[in-house]
Amino acid sequence: MSYRTRPVKAARTGPEPDRATPDRADARRERWREHRQARRAEFVEATVRAIGQHGADVGMDEIAAEAGVSKPVLYRHFHDKSDLYVAVGEWGTDLLMHRLAPEIAADGSPNERIRRMIGTYLGVLEQYPDLYRFVVRRTFADKPVRSDPVSAEKTEIANSLSRLLGQYLRALGLDSGGVEAWAHGLVGMVQASGDWWLERQSMSRDDLTDYLARIIWHAIDGVLRSGGIVIDPDEPLELLTGLRLVTDDEPGGASDAERGGRA
């Protein structure tokens, strides 16, 4: 009787193969996460460029061509068109807030501060008209979006403005209880006027800035006069020096509740 024998494995020599420790695995996952974030950022910027070239009705083929990749590659980094739309809207909001913050932080008279904020906002619309239309129209998104970049932008600006107005009124010894409602109203007015101006272009940006600044100052002046305070809008007030816009991302910024639960 013959027996079939099983070959004996040679004894392993040398060091054990490298097995990933939990720390190494976490580091790899973090590097991969950072790589994906960087690629998403590149594709968002490519989308912004494609919008500038092809208008607000840009398609995924044009975006992929601008990014130098195929559409399937794009979809590896975004769940769908709505995900890309939200990311582009967030890019625009970050750009606007980045430009607004230093303008409001600079000292100056009330009129100068009002004009800077309005002029900066309208300047972004003028520089990126198709990007603004792309985000506002939402025609690109193929399903309901998880967050509304336009609403988030308005809320962030209004929250920042309400803190600034609150500082002004408290410094003057006045009631600041209505500042949140006032801030949202002012932001809504400027945005609606910007929408109209972007489509009509019937006056210059400087003229529209003048008109809006005048309306806003008269509203503020009315509140001050009701408290028995009259100030010159073209003269800096020493007690207001250093008051500035605070964004939601800074310490002391809006809480999640103040943001209305936005993502």
# chains A, B, ... in the order shown; residues from 1 in each chain; ligands from 1

call {"tool": "residues_around", "arguments": {"residues": "Leu84 in chain A", "least_positions_apart": "6", "cutoff": "10 Å", "atoms": "only C-alpha atoms", "output": "list of chain:residue names"}}
result
A:Arg40, A:Phe43, A:Val44, A:Thr47, A:Met60, A:Leu74, A:Tyr75, A:His77, A:Phe78, A:Glu90, A:Phe140, A:Ala141, A:Val145

call {"tool": "atom_distance", "arguments": {"atom1": "CA of Lys154 in chain A", "atom2": "CA of Pro102 in chain A"}}
result
18.0 Å

call {"tool": "closest_residue", "arguments": {"among": "A:Leu122, A:Ala64, A:Leu161, A:Leu224", "to": "Ser193 in chain A", "atoms": "only C-alpha atoms"}}
result
A:Leu122

call {"tool": "residues_around", "arguments": {"residues": "Val58 in chain A", "least_positions_apart": "2", "cutoff": "12 Å", "atoms": "only C-alpha atoms", "output": "list in words"}}
result
Ala46, Thr47, Val48, Arg49, Ala50, Ile51, Gly52, Gln53, His54, Gly55, Ala56, Met60, Asp61, Glu62, Ile63, Ala64, Ala65, Glu66, Lys81, Tyr85, Asp130, Leu131, Arg133, Phe134, Val135, Arg138, Thr139, Phe140 and Ala141 of chain A

call {"tool": "residues_around", "arguments": {"residues": "Glu235 in chain A", "least_positions_apart": "2", "cutoff": "9 Å", "atoms": "only C-alpha atoms", "output": "number ranges by chain"}}
result
A: 108-111, 231-233, 237

call {"tool": "write_last_selection", "arguments": {"atoms": "N, CA and C atoms", "output": "PDB file, in the first residue's frame"}}
result
ATOM      1  N   GLY A 108     -13.246 103.063  10.416  1.00  0.00           N
ATOM      2  CA  GLY A 108     -13.801 104.076   9.530  1.00  0.00           C
ATOM      3  C   GLY A 108     -15.129 104.571  10.058  1.00  0.00           C
ATOM      4  N   SER A 109     -15.710 105.505   9.358  1.00  0.00           N
ATOM      5  CA  SER A 109     -17.005 106.045   9.761  1.00  0.00           C
ATOM      6  C   SER A 109     -18.099 105.024   9.473  1.00  0.00           C
ATOM      7  N   PRO A 110     -19.296 105.199  10.063  1.00  0.00           N
ATOM      8  CA  PRO A 110     -20.395 104.278   9.747  1.00  0.00           C
ATOM      9  C   PRO A 110     -20.665 104.182   8.255  1.00  0.00           C
ATOM     10  N   ASN A 111     -20.671 105.306   7.560  1.00  0.00           N
ATOM     11  CA  ASN A 111     -20.921 105.262   6.120  1.00  0.00           C
ATOM     12  C   ASN A 111     -19.837 104.484   5.382  1.00  0.00           C
ATOM     13  N   ILE A 231     -25.660 111.165  15.362  1.00  0.00           N
ATOM     14  CA  ILE A 231     -24.232 111.124  15.041  1.00  0.00           C
ATOM     15  C   ILE A 231     -24.035 111.477  13.582  1.00  0.00           C
ATOM     16  N   ASP A 232     -22.824 111.885  13.254  1.00  0.00           N
ATOM     17  CA  ASP A 232     -22.449 112.189  11.872  1.00  0.00           C
ATOM     18  C   ASP A 232     -21.974 110.889  11.221  1.00  0.00           C
ATOM     19  N   PRO A 233     -22.658 110.422  10.190  1.00  0.00           N
ATOM     20  CA  PRO A 233     -22.282 109.127   9.591  1.00  0.00           C
ATOM     21  C   PRO A 233     -20.935 109.150   8.883  1.00  0.00           C
ATOM     22  N   LEU A 237     -16.509 107.155  15.027  1.00  0.00           N
ATOM     23  CA  LEU A 237     -16.821 107.284  16.440  1.00  0.00           C
ATOM     24  C   LEU A 237     -15.769 106.522  17.231  1.00  0.00           C
TER      25      LEU A 237
END

call {"tool": "select_by_dssp", "arguments": {"residues": "range 2-236 of chain A", "states": "alpha helix (DSSP H)", "output": "PyMOL selection string"}}
result
chain A and resi 22-54+60-67+71-77+81-105+110-127+129-137+149-171+179-200+205-226

call {"tool": "closest_residue", "arguments": {"among": "A:Gly119, A:Gly173, A:Gly228, A:Pro236", "to": "Asp207 in chain A", "atoms": "only C-alpha atoms"}}
result
A:Gly119

call {"tool": "residues_around", "arguments": {"residues": "Leu186 in chain A", "least_positions_apart": "5", "cutoff": "12 Å", "atoms": "only C-alpha atoms", "output": "count of residues only"}}
result
24

call {"tool": "atom_distance", "arguments": {"atom1": "CA of Ala106 in chain A", "atom2": "CA of Trp196 in chain A"}}
result
28.7 Å
